[in-house]
Structure formats: C-alpha cells, structure tokens
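Q: The following file, upload.txt, comprises compact mmCIF, C-alpha atoms:
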```txt
# COMPACT_ATOMS: atom_id res chain seq x y z
CA MET U 693 6.51 12.85 -1.98
CA ALA U 694 9.66 14.23 -0.41
CA VAL U 695 9.26 11.75 2.43
CA ALA U 696 8.90 8.90 -0.04
CA ALA U 697 12.03 10.03 -1.86
CA ALA U 698 13.92 10.06 1.46
CA ILE U 699 12.75 6.50 2.08
CA ALA U 700 14.20 5.47 -1.25
CA ARG U 701 17.53 7.12 -0.38
CA THR U 702 18.17 6.12 3.21
CA ARG U 703 20.18 3.02 4.02
CA ASN U 704 19.24 2.82 7.66
CA LEU U 705 16.17 0.64 7.82
CA PHE U 706 15.08 2.10 11.14
CA ALA U 707 15.00 5.55 9.57
CA ALA U 708 13.13 4.11 6.61
CA VAL U 709 10.47 2.68 8.92
CA ALA U 710 10.12 5.95 10.84
CA LEU U 711 9.80 7.85 7.56
CA GLY U 712 7.24 5.27 6.46
CA GLY U 713 5.13 6.22 9.47
CA ILE U 714 5.38 9.91 8.60
CA TYR U 715 4.55 9.10 4.99
CA SER U 716 1.43 7.18 6.02
CA PHE U 717 0.34 10.09 8.15
CA CYS U 718 0.77 12.52 5.25
CA MET U 719 -1.24 10.13 3.11
CA ALA U 720 -3.97 10.07 5.76
CA LEU U 721 -4.10 13.88 5.70
CA ALA U 722 -4.30 13.88 1.90
CA LEU U 723 -7.18 11.40 2.03
CA LEU U 724 -8.97 13.58 4.57
CA VAL U 725 -8.67 16.53 2.20
CA LEU U 726 -10.10 14.32 -0.54
CA ASP U 727 -13.32 13.87 1.50
CA ALA U 728 -12.51 10.35 2.61
CA PRO U 729 -12.53 10.49 6.43
CA ASP U 730 -13.14 6.75 6.83
CA VAL U 731 -10.21 5.81 4.62
CA SER U 732 -8.10 8.48 6.29
CA MET U 733 -8.75 7.11 9.78
CA THR U 734 -8.01 3.56 8.66
CA GLU U 735 -4.80 4.66 6.98
CA ALA U 736 -3.68 6.56 10.09
CA ALA U 737 -4.42 3.60 12.35
CA VAL U 738 -3.28 0.78 10.10
CA GLY U 739 -0.65 2.42 7.89
CA ALA U 740 1.01 4.67 10.43
CA GLY U 741 0.29 2.47 13.44
CA VAL U 742 0.11 -1.26 12.83
CA SER U 743 2.43 -1.36 9.81
CA THR U 744 5.13 0.56 11.69
CA VAL U 745 4.89 -1.80 14.65
CA LEU U 746 5.10 -4.83 12.34
CA LEU U 747 8.11 -3.41 10.52
CA LEU U 748 9.87 -2.59 13.78
CA GLY U 749 9.20 -6.11 15.02
CA ALA U 750 10.68 -7.54 11.84
CA LEU U 751 13.72 -5.26 12.20
CA TYR U 752 14.21 -6.49 15.76
CA LEU U 753 14.20 -10.06 14.50
CA THR U 754 16.56 -9.38 11.58
CA ARG U 755 18.99 -6.48 11.42
CA ILE U 756 18.83 -2.77 11.09
CA GLU U 757 21.41 -1.72 8.48
CA GLU U 758 21.06 -2.22 4.78
CA THR U 759 24.25 -3.28 3.00
CA PRO U 760 25.46 -0.41 0.85
CA ASN U 761 25.23 -1.26 -2.77
CA HIS U 762 27.45 0.86 -4.95
CA ARG U 763 26.60 -0.36 -8.40
CA ILE U 764 24.12 1.92 -10.09
CA ALA U 765 20.86 0.11 -10.71
CA LEU U 766 20.34 1.18 -14.29
CA THR U 767 17.75 -1.34 -15.44
CA PRO U 768 15.24 -0.66 -12.61
CA LEU U 769 15.69 3.07 -13.16
CA LEU U 770 15.01 2.68 -16.86
CA VAL U 771 12.00 0.45 -16.28
CA SER U 772 10.60 2.89 -13.71
CA VAL U 773 11.08 5.95 -15.90
CA VAL U 774 9.49 4.29 -18.93
CA ALA U 775 6.56 3.01 -16.84
CA GLY U 776 6.14 6.45 -15.27
CA ALA U 777 6.17 8.23 -18.62
CA THR U 778 3.58 5.84 -20.02
CA LEU U 779 1.34 6.25 -16.97
CA LEU U 780 1.63 10.05 -17.08
CA TYR U 781 0.75 10.03 -20.78
CA GLY U 782 -2.33 7.97 -19.96
CA ALA U 783 -3.22 9.92 -16.82
CA TRP U 784 -3.33 13.25 -18.58
CA ALA U 785 -6.18 12.04 -20.75
CA LEU U 786 -8.33 11.27 -17.70
CA PRO U 787 -11.23 13.57 -16.74
CA PRO U 788 -10.10 16.65 -14.78
CA PHE U 789 -9.92 16.56 -10.99
CA GLY U 790 -13.05 17.38 -9.01
CA ASP U 791 -15.37 17.62 -11.99
CA PRO U 792 -18.91 16.55 -10.98
CA ALA U 793 -19.66 15.62 -14.60
CA GLY U 794 -16.93 12.98 -14.67
CA PRO U 795 -18.02 9.47 -15.68
CA ILE U 796 -17.20 8.10 -12.22
CA HIS U 797 -20.06 10.12 -10.73
CA GLN U 798 -22.72 9.13 -13.26
CA HIS U 799 -23.48 5.52 -12.34
CA VAL U 800 -23.94 3.42 -9.17
CA ALA U 801 -22.79 6.14 -6.75
CA PRO U 802 -25.86 8.43 -7.11
CA ARG U 803 -28.10 5.45 -6.48
CA TYR U 804 -26.33 4.73 -3.19
CA LEU U 805 -26.32 8.39 -2.21
CA ASN U 806 -30.06 8.76 -2.93
CA ASP U 807 -31.39 5.55 -1.43
CA VAL U 808 -29.01 4.68 1.36
CA VAL U 809 -30.90 6.31 4.22
CA LYS U 810 -34.21 4.93 2.99
CA GLU U 811 -32.88 1.40 2.59
CA THR U 812 -30.47 0.97 5.49
CA GLY U 813 -31.03 3.89 7.85
CA VAL U 814 -27.29 4.53 8.08
CA PRO U 815 -26.32 8.09 7.17
CA ASN U 816 -22.66 7.24 6.55
CA VAL U 817 -22.73 5.90 3.00
CA VAL U 818 -19.30 4.26 3.23
CA THR U 819 -20.31 2.27 6.30
CA ALA U 820 -23.63 1.34 4.76
CA VAL U 821 -22.08 0.03 1.56
CA LEU U 822 -19.30 -1.76 3.41
CA ALA U 823 -21.39 -3.47 6.04
CA SER U 824 -24.81 -3.72 4.45
CA TYR U 825 -24.75 -3.84 0.65
CA ARG U 826 -21.32 -5.46 0.46
CA GLY U 827 -21.47 -7.43 3.70
CA PHE U 828 -20.25 -10.63 2.12
CA ASP U 829 -17.28 -8.87 0.52
CA THR U 830 -16.31 -7.55 3.91
CA PHE U 831 -16.63 -11.06 5.29
CA GLY U 832 -14.28 -12.22 2.53
CA GLU U 833 -11.89 -9.46 3.50
CA THR U 834 -11.79 -10.66 7.09
CA VAL U 835 -11.14 -14.18 5.79
CA VAL U 836 -8.15 -12.81 3.90
CA VAL U 837 -6.85 -11.17 7.07
CA LEU U 838 -7.40 -14.40 8.99
CA THR U 839 -5.49 -16.32 6.33
CA GLY U 840 -2.65 -13.81 6.56
CA GLY U 841 -2.54 -14.16 10.34
CA LEU U 842 -2.56 -17.95 10.11
CA GLY U 843 0.26 -17.80 7.57
CA VAL U 844 2.34 -15.63 9.89
CA LEU U 845 1.71 -18.03 12.78
CA LEU U 846 2.66 -21.06 10.68
CA LEU U 847 5.83 -19.38 9.41
CA LEU U 848 7.03 -18.20 12.80
CA ARG U 849 5.86 -21.16 14.91
CA GLY U 850 8.65 -23.08 16.58
CA ARG U 851 11.30 -20.73 15.26
CA ARG U 852 13.16 -20.95 18.58
CA ARG U 853 14.37 -24.36 17.52
CA PRO U 854 17.69 -23.88 15.73
CA LEU U 855 17.75 -24.99 12.14
CA SER U 856 19.93 -28.02 11.57
CA LYS U 857 22.97 -26.75 9.75
CA GLY U 858 24.18 -29.93 8.02
CA THR U 859 21.11 -30.85 6.01
CA ALA U 860 21.21 -30.24 2.29
CA PRO U 861 18.71 -27.75 0.87
CA ILE U 862 15.53 -29.20 -0.53
CA GLY U 863 15.98 -30.23 -4.12
CA LYS U 864 19.56 -31.40 -3.65
CA ASP U 865 18.41 -34.69 -2.14
CA ALA U 866 16.84 -35.87 -5.33
CA THR U 867 20.01 -35.64 -7.37
CA MET O 50 -1.54 25.57 -16.85
CA ASP O 51 -5.11 24.42 -16.39
CA ILE O 52 -4.29 20.86 -17.26
CA VAL O 53 -1.48 20.81 -14.70
CA ILE O 54 -3.96 21.72 -11.95
CA ALA O 55 -6.62 19.39 -13.33
CA GLN O 56 -4.24 16.45 -13.40
CA PHE O 57 -2.22 17.25 -10.25
CA SER O 58 -3.76 14.38 -8.29
CA ASN O 59 -3.03 11.87 -11.03
CA THR O 60 0.50 13.19 -11.48
CA VAL O 61 1.30 12.76 -7.79
CA THR O 62 -0.19 9.28 -7.98
CA VAL O 63 2.03 8.33 -10.89
CA ILE O 64 5.17 9.73 -9.25
CA LEU O 65 4.53 7.82 -6.02
CA MET O 66 3.74 4.68 -7.98
CA VAL O 67 6.97 4.87 -9.95
CA LEU O 68 8.95 5.62 -6.80
CA GLY O 69 7.51 2.54 -5.12
CA LEU O 70 8.21 0.47 -8.23
CA TYR O 71 11.81 1.69 -8.26
CA VAL O 72 12.35 0.81 -4.60
CA VAL O 73 10.94 -2.66 -5.17
CA LEU O 74 13.10 -3.26 -8.24
CA ALA O 75 16.35 -1.58 -7.30
CA ARG O 76 16.83 -2.29 -3.60
CA GLY O 77 18.17 -5.71 -2.61
CA ASN O 78 17.05 -5.54 1.00
CA LEU O 79 13.84 -7.47 1.50
CA ILE O 80 12.38 -5.17 4.16
CA LYS O 81 13.11 -2.17 1.95
CA LYS O 82 11.31 -3.93 -0.87
CA LEU O 83 8.25 -4.35 1.35
CA ILE O 84 8.31 -0.64 2.28
CA GLY O 85 8.48 0.14 -1.45
CA LEU O 86 5.49 -2.11 -1.98
CA SER O 87 3.59 -0.11 0.68
CA ILE O 88 4.40 3.14 -1.13
CA PHE O 89 3.11 1.62 -4.34
CA GLN O 90 -0.03 0.58 -2.50
CA THR O 91 -0.74 4.04 -1.08
CA SER O 92 -0.39 5.47 -4.58
CA VAL O 93 -3.22 3.15 -5.58
CA TYR O 94 -5.36 4.60 -2.75
CA LEU O 95 -4.80 8.03 -4.26
CA LEU O 96 -5.56 6.69 -7.73
CA TYR O 97 -8.98 5.57 -6.54
CA VAL O 98 -9.94 8.28 -4.05
CA GLY O 99 -8.64 11.19 -6.14
CA PRO O 100 -11.20 10.98 -8.98
CA GLY O 101 -14.00 10.38 -6.45
CA LYS O 102 -13.61 13.91 -5.06
CA ILE O 103 -15.99 16.61 -6.25
CA ILE O 104 -14.85 20.18 -5.76
CA GLY O 105 -17.35 21.78 -3.40
CA GLY O 106 -18.55 18.36 -2.29
CA THR O 107 -18.37 16.97 1.21
CA ALA O 108 -17.69 13.61 2.79
CA PRO O 109 -20.35 11.00 1.91
CA ILE O 110 -22.27 11.19 5.17
CA ILE O 111 -25.87 12.14 4.51
CA ALA O 112 -26.83 15.22 6.50
CA GLU O 113 -29.15 18.20 6.34
CA GLY O 114 -27.84 21.15 4.41
CA PHE O 115 -25.51 19.28 2.06
CA ASP O 116 -26.37 18.29 -1.48
CA VAL O 117 -23.08 17.40 -3.11
CA TYR O 118 -21.22 14.39 -1.80
CA SER O 119 -17.97 12.88 -3.01
CA ASN O 120 -18.18 9.41 -4.48
CA PRO O 121 -18.36 6.83 -1.66
CA LEU O 122 -17.52 3.74 -3.69
CA PRO O 123 -13.74 4.31 -4.02
CA HIS O 124 -13.64 4.84 -0.25
CA VAL O 125 -15.25 1.46 0.36
CA LEU O 126 -12.83 -0.26 -2.00
CA MET O 127 -9.82 1.42 -0.45
CA LEU O 128 -10.87 0.53 3.11
CA THR O 129 -10.75 -3.10 2.04
CA ALA O 130 -7.44 -2.55 0.25
CA ILE O 131 -5.77 -1.01 3.32
CA VAL O 132 -6.76 -3.89 5.57
CA VAL O 133 -5.75 -6.54 3.05
CA GLY O 134 -2.53 -4.60 2.45
CA VAL O 135 -1.49 -4.83 6.07
CA ALA O 136 -2.23 -8.56 6.04
CA THR O 137 0.07 -9.08 3.04
CA LEU O 138 2.70 -6.87 4.65
CA ALA O 139 2.62 -8.99 7.80
CA LEU O 140 2.93 -12.17 5.76
CA GLY O 141 5.84 -10.75 3.78
CA LEU O 142 7.64 -9.71 6.95
CA ALA O 143 7.12 -13.17 8.45
CA ILE O 144 8.67 -14.73 5.35
CA THR O 145 11.55 -12.25 5.62
CA VAL O 146 12.18 -13.25 9.24
CA ARG O 147 12.24 -16.92 8.22
CA ILE O 148 14.65 -16.16 5.38
CA HIS O 149 16.88 -14.33 7.85
CA GLU O 150 16.92 -17.41 10.06
CA ALA O 151 17.72 -19.77 7.22
CA TYR O 152 20.33 -17.65 5.44
CA GLY O 153 21.51 -15.15 8.08
CA THR O 154 20.88 -12.23 5.73
CA ILE O 155 18.04 -10.31 4.15
CA GLU O 156 20.00 -9.02 1.16
CA GLU O 157 18.83 -10.50 -2.10
CA ASP O 158 22.25 -10.85 -3.75
CA GLU O 159 23.78 -12.50 -0.66
CA ILE O 160 20.91 -15.00 -0.58
CA LEU O 161 21.40 -15.79 -4.26
CA LYS O 162 25.16 -16.21 -3.69
CA LYS O 163 24.55 -18.65 -0.83
CA ASP O 164 22.13 -20.57 -2.99
CA GLY O 165 24.79 -20.77 -5.69
CA ASP O 166 27.38 -22.07 -3.22
CA ALA O 167 25.14 -24.73 -1.77
```
How would this structure read if it were set down as structure tokens?

A:
Amino acid sequence: MAVAAAIARTRNLFAAVALGGIYSFCMALALLVLDAPDVSMTEAAVGAGVSTVLLLGALYLTRIEETPNHRIALTPLLVSVVAGATLLYGAWALPPFGDPAGPIHQHVAPRYLNDVVKETGVPNVVTAVLASYRGFDTFGETVVVLTGGLGVLLLLRGRRRPLSKGTAPIGKDAT
Amino acid sequence: MDIVIAQFSNTVTVILMVLGLYVVLARGNLIKKLIGLSIFQTSVYLLYVGPGKIIGGTAPIIAEGFDVYSNPLPHVLMLTAIVVGVATLALGLAITVRIHEAYGTIEEDEILKKDGDA
C-alpha cells in the first residue's frame, strides 16, 4: 500500500515503473500467503517482469518526466473518496476472512476438490480446472493475448516513417 | 476489533482500488494512467483471491495428509485476468507511443490543447 501511494506521488516515470515492479512483487507475496502459488508465480513473472519491461520500453520511446501539474485535482479526489466509502460500506457486510462456512466455499469448489484426481489425474486443482475443465476458456484467453499482440504490431508497424506534418487531422477534411 | 481483522483483506482491496482509480482520474500522463490501471487490476486479484482463503487451509494441490484446501476457482479466474491484463497493458502502451509520435507529448491536457488549436 505504501508503495502504491509512492507511485501516486512520484513525478518521475522511471521511479514509478521501478516502484510498480516492487509493488507487483509485494502483491505476489500476498497472493502466496493467500494460498495461491500459481497466481503468485504468474504475478511475479508477468506483473513484476514483463509489465516492467513493457513500461520501460514505452518510456524509452516517449519521455521520462511527467509535467508537474500544480492545480489540485479536486473532482477525482472527491469521486475516489466517495467510491471508496461506498465500497468499504459494502465490503464490511461480506463474510469474514478465512471462514470455511462462507458461501464461496459451498458450491462448485468442493466438487472440483473431491473429483479432480479421479476425473483428470492432475493433483494441482488450478491446473486441472484451467487446462482440462476450462480448456476452451483458456484457448479464448490465448486468442485475446494474440489479438493484443497483433494490435501492438499494427500500431507500431512502420513507425520509422516520419508522419507528414502538413496534413490536416482526420475530420477536418470533410468540412 | 474483530470486524477489523475479519475485513482486513477487503479493506486493503478497497484502498488499493481507490488509489488506482485516483491515479487514473487525476494524473494527466498517459503512462501514469496505465500504471494506475494496473494497481486497480491487482486490487481485483485480491478481491477474488482473498475470500477464497480458508484459515488453516493449504494451496489447492491434492496431497496426502491435507484435508482443507483453499478455493481454487478464484485462482483460475485470476490467472486468466493477469495474462489478459498484460495484453491490454501492452496495447495501451503501444497506443501511447503512437500518440507521442503524432502529438509529441503524452500529457492529456497538452494533447487536448493541440487538438483545440488544429
């Protein structure tokens, strides 16, 4: 949380990216404590690794300092505080943390936990659900990633060619 | 005091979520906005994985000697969310780079000003 607050404060984007890496790593540790080793490993590799590399690459292609902005952003602050208060009010009515009688543990999950070894032979339930029961969803996920990669390629292809300066922006031609 | 401990996970989630929301709304720099979006996203991971934990439970890998496992379904969902999240982040950064080429800046207000001048 402190790291996230520092990210919000700092103006140097390089520092923000470095703090983002630290933040992702803290998040990975928190997920590990919450019994989610698979998610934790993915977060450490993707959040702290790949995301940081991508952000650094984008910084290299743009610029590293954020323009200081002295006006106080009152409306976003207000919106955030109101949204936060509402969410907290709602969150405190949720079932207590770590309670095995919570509604989340009553359906679907016990069925997976009981039958997964019998049905798939994979002891890691997360892997079994991801690759076996929900194989098509995972396929869809890879399609999303492919689409994202294609979009990046299309956006950055041929960007060495300088943009013609004199042309009017799109939309002005019609008038 | 009990309720504070019982809802600690959710409280942290909400604080991170609001912090990410604030960064997205208040900061004009496009890369900073994307970092804020990532913070928001990680708060959603906590939102899902937090309630799946059972105190005294262990990671959902079936093994001899363990009876109580944490809920595996949020983990599956969040694995997908992380991977999709990095894809959207990459796409957003690519758009930012293109905007920087077209406008020479990645500050929102400067971009809007240039649009007004044109």

Q: For segment 138-150 of chain O, work out the shell of residues within 7 Å, counting only C-alpha atoms and skipping chain neighbours fewer than 5 positions away, then give it as a ChimeraX atom specification.

A: /U:746,750,753-754,840,843-844,847-848 /O:79,83,155

Q: Atom CA of Gly99 of chain O to atom CA of Glu833 of chain U: how many Å, to one decimal?

A: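 A separation of 23.0 Å between them.
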
Q: Suppose you want the space between atom CA of Phe57 of chain O and atom CA of Ala783 of chain U; what is it in Å?

A: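 A separation of 9.9 Å between them.
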
Q: Near segment 796-810 of chain U, within 12 Å and counting all atoms listed in the file, which residues show up once chain neighbours fewer than 6 positions away are dropped, as JSON, numbers by chain?

A: {"U": [786, 787, 788, 789, 790, 816, 817, 818, 819, 820, 821, 822, 824, 825, 826], "O": [97, 98, 99, 100, 101, 102, 103, 106, 108, 109, 110, 111, 112, 115, 116, 117, 118, 119, 120, 121, 122, 123, 124, 125]}

Q: Kindly indicate which residue among O:Lys162, O:Asn59, O:Phe89, O:Leu96 lies nearest to chain U, using only C-alpha atoms for the distances.

A: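 The closest residue to chain U is O:Asn59.
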
Q: When you look at Ser92 of chain O with a cut-off of 10 Å (counting all atoms listed in the file), what residues show up, excluding the ones that are within fewer than 2 positions of it in the same chain? I need them as a PyMOL selection string.

A: (chain U and resi 719) or (chain O and resi 59+61-69+86-90+94-98)

Q: Distance atom CA of Leu721 of chain U-atom CA of Ala740 of chain U, one decimal place?

A: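 About the pair atom CA of Leu721 of chain U and atom CA of Ala740 of chain U: they are 11.5 Å apart.
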
Q: Pick from U:Leu711, U:Val835, U:Ala736, U:Val731: nearest to chain O, with all atoms listed in the file counted?

A: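 Of all the options, U:Val731 lies closest to chain O.
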
Q: So, counting all atoms listed in the file, which residue among O:Asp166, O:Thr60, O:Val135, O:Glu157 is closest to Gly841 of chain U?

A: O:Val135

Q: Between U:Val814, U:Leu724, U:Leu845, U:Val837, which residue has the minimum interatomic distance to chain O, considering all atoms listed in the file?

A: U:Val837

Q: Restricting the calculation to only C-alpha atoms: of U:Gly749, U:Gly813, U:Gly776, U:Pro795, which residue gets closest to chain O?

A: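 The shortest atom-to-atom distance to chain O comes from U:Gly776.
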
Q: Could you give me, as an MDAnalysis selection string, the residues within 12 Å of Leu766 of chain U, counting only C-alpha atoms and dropping anything in the same chain fewer than 6 positions from it?

A: (chainID U and resid 772:773) or (chainID O and resid 71 74:76)

Q: Let me make sure I understand: among U:Gly713, U:Gly782, U:Gly794, U:Pro815, which one has the smallest atom-to-atom distance to chain O if we use all atoms listed in the file?

A: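 The closest residue to chain O is U:Pro815.
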
Q: Around segment 804-815 of chain U, fit a box with edges along x, y and z, padding it by 6 Å on each side, then list its centre and edge lengths in Å to one decimal as lines of an AutoDock Vina configuration file.

A:
```
center_x = -30.3
center_y = 4.9
center_z = 2.4
size_x = 19.9
size_y = 19.8
size_z = 23.3
```
